[in-house]
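Chemist: Provided herewith is a single structure, encoded as structure tokens, for subsequent inquiry.
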Amino acid sequence: MPVRNSLDLVWPSEGLTRIPYPVYGRADVYDEERARLFMGATWNFLCLEAELPQPGDYRATFVGDVPVVVARDLDGSLGAFENRCAHRGALLCLKSGGHGAEISCVYHNWTYDLKGKLTGVAFQRGIKRKGGMPADFKLAEHNIRTLRVASFAGIVFGTFSADTPPVEAYLGPEIARRIQRVMHKPIKLLGYNNQLLPNNWKLYVENVKDSYHASLLHLFFTTFRLNRLSQEGGIIVDESGGHHVSYSKMASDQQSAEYDSATLRAKREDYRLADPSMLAGRDEFGDGVSLQILSVFPAFIVQQIQNCLAVRQVVPRGVGETELVWTYFGYADDDEEMLRMRLKQANLVGPGGYVSMEDGAVGGFIQRALPGGAADCSVIEMGGREATSQDTRATESSVRGFWKAYRAHMGL
Amino acid sequence: MAADIATQLAVERLLARYVASIDEDRLEEWPGYFVESCRYQIISSANYEKGLPIGVFFADSRGMLQDRVSALREASVYEAQRYRHLVSSTLILSASDGIVTARSNYMVARIMHDGAMTLFSTGRYLDRISLRGTEPLFEERLVVFDNKRIDTLLAIPL
């Protein structure tokens, strides 16, 4: 267990069912999260392998808000290091990515290989024997801090900590298997969307794990009976609590009196699409699961909503702002019709998606209401008080799971 | 020359009516600016220039545009907001057999219900317009936005 931290924050005695509001608004908590979560013993999404197809390809990415370069070295191996020159601390990779055998800092031209090793210092021996670095200056003592890198099912993860268990052990068998279910053959990148959320990063991660809200806030799905909580499905929470899967099968919806009375606001029997072609799809995994939302602690999501496949990277941008990076993909062997289905179904998600646009704003509704709530807590008791797998989606079990893992890492 | 001017005016008038319908919250009129089997997409310039096909919204029929409006009116939950479009620099790229291609710049301010205003999006409209009927109609409208990041959400069309 991590050493208890120095934060002046006492967790409520109720435990996992109470979340003190200051965790979303305090700068000292945010800084501690960088140190203990993102730079601690966690695996974080860096990129997809498909984004680094060739030796020499590199990309700028983030672990938490820490700028990182992830690269495919000339021998094909993957590496990652902080996107910060060892000399004066300037960003090395200024663009979204590039290609080459080395990366140089624009400021004073210090040069690194694709593993972050310092290979050259401009004017190290001075000019005309004047100036230059001291004679005992050693390049090898000024390499950039590197991350351990592991690729799992085509997803490249990185960790700053030597204590993080191997990535498959970190994920656990149930989560690993459901990542592999989506990443089961070579993918083809289809696009990106970047969305700025006016809230603390944890509010978005909780929203992803919260299956309770899905058919109450997102009325589009409900109206078309795509995602009713009475559908066959459930929640898987891993041992640590930090990872989760929410899944449902579309064809198994049963009429439910509790459901209909609870969602009168959402119920509109007369509402029909003029062009329902957007909802056409294929059961491409052959298991009838039409929705699988999976999160990896602390801030990574793999999404299958019918045939709309994407990963989402949650990048904190300060205490009250978060950037959400959507990376959409299909498979390398998609035919034209499949591609068109993915293109249309992408209307469901992203910054303007029929079932996701509300998520862009709802965290902000909490963030804006924080003033005055310093001594208060949110109440997370739907589906009980534990953080365990459940065969219903009318639960906040995986939200409690997030806080179980969070508190363990943060020493809170 | 007179034909060029007539084409320019016809296109600019369509663009002006289009943004007036959106900015004045007459969204139900918006699908009517398109032919039945149209193509409309909102996509970032980053994706567009890399040839990546997915954007923020895609429609290949007027019905899908009508559905967008119905969803905004009946299903989607978002804080009340309006746009103010400025459209300029409309350039006719080609015109033959009543089909015109054109590009224009746009700038959109978003005004929230409490009066807070931000510069929400800038970009270009890449249009293919039919002048064959009684009114000009979009056969294709690509909205290629410059701002890589979308603030909070994009509900109302651009």
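Letters A, B, ... mark the chains of the structure tokens in the order given; residue numbers begin at 1 per chain; ligand numbers begin at 1, in order shown.
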May I ask you to extract the residues of chain A within 7 Å of chain B, using only C-alpha atoms, and to give them as a list of chain:residue names?
Modeler: A:Leu190, A:Gly191, A:Tyr192, A:Asn194, A:Gln195, A:Leu196, A:Leu197, A:Pro198, A:His218, A:Leu219, A:Phe220, A:Leu273, A:Ala274, A:Asp275, A:Leu343, A:Lys344, A:Asn347, A:Gly350, A:Pro351, A:Gly352, A:Tyr354, A:Met357, A:Glu358, A:Gly360, A:Ala361
Chemist: Print the selection's residues with N, CA and C atoms to a file, as a PDB file, in the first residue's frame.
Modeler:
ATOM      1  N   LEU A 190      -9.762   5.343 -38.554  1.00  0.00           N
ATOM      2  CA  LEU A 190     -10.798   6.044 -39.326  1.00  0.00           C
ATOM      3  C   LEU A 190     -10.923   7.520 -38.974  1.00  0.00           C
ATOM      4  N   GLY A 191     -10.292   7.965 -37.880  1.00  0.00           N
ATOM      5  CA  GLY A 191     -10.367   9.391 -37.579  1.00  0.00           C
ATOM      6  C   GLY A 191     -10.244   9.686 -36.099  1.00  0.00           C
ATOM      7  N   TYR A 192     -10.161  10.985 -35.822  1.00  0.00           N
ATOM      8  CA  TYR A 192     -10.012  11.468 -34.450  1.00  0.00           C
ATOM      9  C   TYR A 192     -11.044  12.560 -34.182  1.00  0.00           C
ATOM     10  N   ASN A 194     -11.336  15.555 -30.955  1.00  0.00           N
ATOM     11  CA  ASN A 194     -10.836  16.075 -29.686  1.00  0.00           C
ATOM     12  C   ASN A 194     -11.903  16.978 -29.092  1.00  0.00           C
ATOM     13  N   GLN A 195     -12.189  16.753 -27.822  1.00  0.00           N
ATOM     14  CA  GLN A 195     -13.296  17.446 -27.169  1.00  0.00           C
ATOM     15  C   GLN A 195     -12.795  18.006 -25.845  1.00  0.00           C
ATOM     16  N   LEU A 196     -13.071  19.270 -25.587  1.00  0.00           N
ATOM     17  CA  LEU A 196     -12.680  19.886 -24.320  1.00  0.00           C
ATOM     18  C   LEU A 196     -13.863  19.824 -23.362  1.00  0.00           C
ATOM     19  N   LEU A 197     -13.661  19.174 -22.241  1.00  0.00           N
ATOM     20  CA  LEU A 197     -14.735  19.022 -21.264  1.00  0.00           C
ATOM     21  C   LEU A 197     -14.504  20.018 -20.119  1.00  0.00           C
ATOM     22  N   PRO A 198     -15.542  20.736 -19.720  1.00  0.00           N
ATOM     23  CA  PRO A 198     -15.363  21.785 -18.698  1.00  0.00           C
ATOM     24  C   PRO A 198     -15.426  21.218 -17.291  1.00  0.00           C
ATOM     25  N   HIS A 218     -29.335   9.896 -21.716  1.00  0.00           N
ATOM     26  CA  HIS A 218     -29.231   9.806 -23.178  1.00  0.00           C
ATOM     27  C   HIS A 218     -30.550   9.288 -23.754  1.00  0.00           C
ATOM     28  N   LEU A 219     -31.421  10.198 -24.098  1.00  0.00           N
ATOM     29  CA  LEU A 219     -32.781   9.808 -24.469  1.00  0.00           C
ATOM     30  C   LEU A 219     -32.860   9.248 -25.882  1.00  0.00           C
ATOM     31  N   PHE A 220     -31.858   9.520 -26.683  1.00  0.00           N
ATOM     32  CA  PHE A 220     -31.893   9.027 -28.062  1.00  0.00           C
ATOM     33  C   PHE A 220     -31.906   7.495 -28.073  1.00  0.00           C
ATOM     34  N   LEU A 273     -37.368   7.495 -36.723  1.00  0.00           N
ATOM     35  CA  LEU A 273     -36.378   8.125 -37.593  1.00  0.00           C
ATOM     36  C   LEU A 273     -36.892   8.192 -39.025  1.00  0.00           C
ATOM     37  N   ALA A 274     -36.619   9.318 -39.677  1.00  0.00           N
ATOM     38  CA  ALA A 274     -36.956   9.431 -41.101  1.00  0.00           C
ATOM     39  C   ALA A 274     -36.056   8.515 -41.923  1.00  0.00           C
ATOM     40  N   ASP A 275     -34.796   8.394 -41.481  1.00  0.00           N
ATOM     41  CA  ASP A 275     -33.838   7.528 -42.181  1.00  0.00           C
ATOM     42  C   ASP A 275     -33.129   6.655 -41.155  1.00  0.00           C
ATOM     43  N   LEU A 343     -19.204   4.724 -40.473  1.00  0.00           N
ATOM     44  CA  LEU A 343     -19.271   6.170 -40.675  1.00  0.00           C
ATOM     45  C   LEU A 343     -20.603   6.713 -40.148  1.00  0.00           C
ATOM     46  N   LYS A 344     -21.679   6.012 -40.443  1.00  0.00           N
ATOM     47  CA  LYS A 344     -22.995   6.475 -39.987  1.00  0.00           C
ATOM     48  C   LYS A 344     -23.156   6.281 -38.482  1.00  0.00           C
ATOM     49  N   ASN A 347     -22.129   8.739 -35.819  1.00  0.00           N
ATOM     50  CA  ASN A 347     -23.035   9.819 -35.393  1.00  0.00           C
ATOM     51  C   ASN A 347     -23.539   9.613 -33.972  1.00  0.00           C
ATOM     52  N   GLY A 350     -18.896  10.710 -29.944  1.00  0.00           N
ATOM     53  CA  GLY A 350     -18.070  11.878 -30.216  1.00  0.00           C
ATOM     54  C   GLY A 350     -18.710  13.149 -29.669  1.00  0.00           C
ATOM     55  N   PRO A 351     -18.099  14.307 -29.976  1.00  0.00           N
ATOM     56  CA  PRO A 351     -18.548  15.573 -29.396  1.00  0.00           C
ATOM     57  C   PRO A 351     -19.975  15.957 -29.798  1.00  0.00           C
ATOM     58  N   GLY A 352     -20.471  15.398 -30.904  1.00  0.00           N
ATOM     59  CA  GLY A 352     -21.827  15.720 -31.334  1.00  0.00           C
ATOM     60  C   GLY A 352     -22.708  14.494 -31.399  1.00  0.00           C
ATOM     61  N   TYR A 354     -25.239  11.352 -30.842  1.00  0.00           N
ATOM     62  CA  TYR A 354     -26.598  11.258 -30.318  1.00  0.00           C
ATOM     63  C   TYR A 354     -26.641  10.684 -28.899  1.00  0.00           C
ATOM     64  N   MET A 357     -23.274  13.296 -26.585  1.00  0.00           N
ATOM     65  CA  MET A 357     -23.050  14.738 -26.455  1.00  0.00           C
ATOM     66  C   MET A 357     -23.357  15.222 -25.042  1.00  0.00           C
ATOM     67  N   GLU A 358     -24.333  14.590 -24.394  1.00  0.00           N
ATOM     68  CA  GLU A 358     -24.676  15.009 -23.033  1.00  0.00           C
ATOM     69  C   GLU A 358     -23.505  14.809 -22.069  1.00  0.00           C
ATOM     70  N   GLY A 360     -20.513  15.350 -22.604  1.00  0.00           N
ATOM     71  CA  GLY A 360     -19.581  16.471 -22.705  1.00  0.00           C
ATOM     72  C   GLY A 360     -19.929  17.596 -21.750  1.00  0.00           C
ATOM     73  N   ALA A 361     -21.194  17.674 -21.396  1.00  0.00           N
ATOM     74  CA  ALA A 361     -21.654  18.803 -20.585  1.00  0.00           C
ATOM     75  C   ALA A 361     -21.932  18.437 -19.136  1.00  0.00           C
TER      76      ALA A 361
END
Chemist: Can you tell me which residues surround Asp136 (chain A) at a distance of at most 12 Å, considering only C-alpha atoms, apart from same-chain residues fewer than 4 positions away, and format the answer as number ranges by chain?
Modeler: A: 124-125, 132, 140-141
Chemist: Would you work out the distance separating CA of Arg39 (chain B) from CA of Ser104 (chain B), expressed in Å to one decimal?
Modeler: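 Distance between the two atoms: 17.2 Å.
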Chemist: I need the residues in chain B that are helix (DSSP H, G or I) according to DSSP; give them as a PDB file with C-alpha atoms, in the first residue's frame.
Modeler:
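Saved the output as result10.pdb:
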ATOM      1  CA  ALA B   2     -23.485  38.404 -66.361  1.00  0.00           C
ATOM      2  CA  ALA B   3     -23.884  34.627 -65.964  1.00  0.00           C
ATOM      3  CA  ASP B   4     -20.961  34.554 -63.512  1.00  0.00           C
ATOM      4  CA  ILE B   5     -22.534  37.280 -61.431  1.00  0.00           C
ATOM      5  CA  ALA B   6     -25.897  35.542 -61.464  1.00  0.00           C
ATOM      6  CA  THR B   7     -24.255  32.298 -60.275  1.00  0.00           C
ATOM      7  CA  GLN B   8     -22.316  34.104 -57.554  1.00  0.00           C
ATOM      8  CA  LEU B   9     -25.463  35.793 -56.312  1.00  0.00           C
ATOM      9  CA  ALA B  10     -27.486  32.585 -56.379  1.00  0.00           C
ATOM     10  CA  VAL B  11     -24.840  30.771 -54.325  1.00  0.00           C
ATOM     11  CA  GLU B  12     -24.360  33.596 -51.838  1.00  0.00           C
ATOM     12  CA  ARG B  13     -28.106  33.921 -51.365  1.00  0.00           C
ATOM     13  CA  LEU B  14     -28.343  30.184 -50.571  1.00  0.00           C
ATOM     14  CA  LEU B  15     -25.503  30.503 -48.060  1.00  0.00           C
ATOM     15  CA  ALA B  16     -27.157  33.515 -46.420  1.00  0.00           C
ATOM     16  CA  ARG B  17     -30.546  31.832 -46.124  1.00  0.00           C
ATOM     17  CA  TYR B  18     -28.913  28.679 -44.749  1.00  0.00           C
ATOM     18  CA  VAL B  19     -27.148  30.493 -41.895  1.00  0.00           C
ATOM     19  CA  ALA B  20     -30.206  32.630 -41.132  1.00  0.00           C
ATOM     20  CA  SER B  21     -32.301  29.487 -40.615  1.00  0.00           C
ATOM     21  CA  ILE B  22     -29.735  28.092 -38.172  1.00  0.00           C
ATOM     22  CA  ASP B  23     -28.927  31.313 -36.335  1.00  0.00           C
ATOM     23  CA  LEU B  27     -33.692  24.393 -37.677  1.00  0.00           C
ATOM     24  CA  GLU B  28     -36.661  22.666 -39.289  1.00  0.00           C
ATOM     25  CA  GLU B  29     -35.837  24.620 -42.462  1.00  0.00           C
ATOM     26  CA  TRP B  30     -32.250  23.377 -42.537  1.00  0.00           C
ATOM     27  CA  PRO B  31     -32.807  19.997 -44.305  1.00  0.00           C
ATOM     28  CA  GLY B  32     -34.784  21.852 -46.998  1.00  0.00           C
ATOM     29  CA  TYR B  33     -31.565  23.417 -48.316  1.00  0.00           C
ATOM     30  CA  SER B  45      -9.381  19.718 -41.126  1.00  0.00           C
ATOM     31  CA  ALA B  46      -6.876  17.344 -39.479  1.00  0.00           C
ATOM     32  CA  ASN B  47      -8.960  14.292 -40.452  1.00  0.00           C
ATOM     33  CA  TYR B  48      -9.953  15.736 -43.824  1.00  0.00           C
ATOM     34  CA  GLU B  49      -6.386  16.420 -44.853  1.00  0.00           C
ATOM     35  CA  LYS B  50      -5.189  12.966 -43.781  1.00  0.00           C
ATOM     36  CA  ARG B  62     -32.111  14.614 -46.259  1.00  0.00           C
ATOM     37  CA  GLY B  63     -33.884  12.237 -43.862  1.00  0.00           C
ATOM     38  CA  MET B  64     -30.757  11.978 -41.716  1.00  0.00           C
ATOM     39  CA  LEU B  65     -30.695  15.782 -41.489  1.00  0.00           C
ATOM     40  CA  GLN B  66     -34.351  15.795 -40.436  1.00  0.00           C
ATOM     41  CA  ASP B  67     -33.489  13.187 -37.811  1.00  0.00           C
ATOM     42  CA  ARG B  68     -30.738  15.430 -36.485  1.00  0.00           C
ATOM     43  CA  VAL B  69     -33.257  18.217 -35.999  1.00  0.00           C
ATOM     44  CA  SER B  70     -35.837  15.880 -34.392  1.00  0.00           C
ATOM     45  CA  ALA B  71     -33.185  14.561 -32.022  1.00  0.00           C
ATOM     46  CA  LEU B  72     -32.110  18.087 -31.051  1.00  0.00           C
ATOM     47  CA  ARG B  73     -35.722  19.028 -30.417  1.00  0.00           C
ATOM     48  CA  GLU B  74     -36.941  15.824 -28.749  1.00  0.00           C
TER      49      GLU B  74
END
Chemist: Might you pull out every residue within 12 Å of Phe123 (chain A), with only C-alpha atoms counted and same-chain residues fewer than 2 positions away left off, and present them as a list of chain:residue names?
Modeler: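 The neighbour list is A:His108, A:Asn109, A:Trp110, A:Thr111, A:Gly120, A:Val121, A:Arg125, A:Gly126, A:Ile127, A:Lys128, A:Arg129, A:Lys130, A:Gly131, A:Gly132, A:Met133, A:Pro134.
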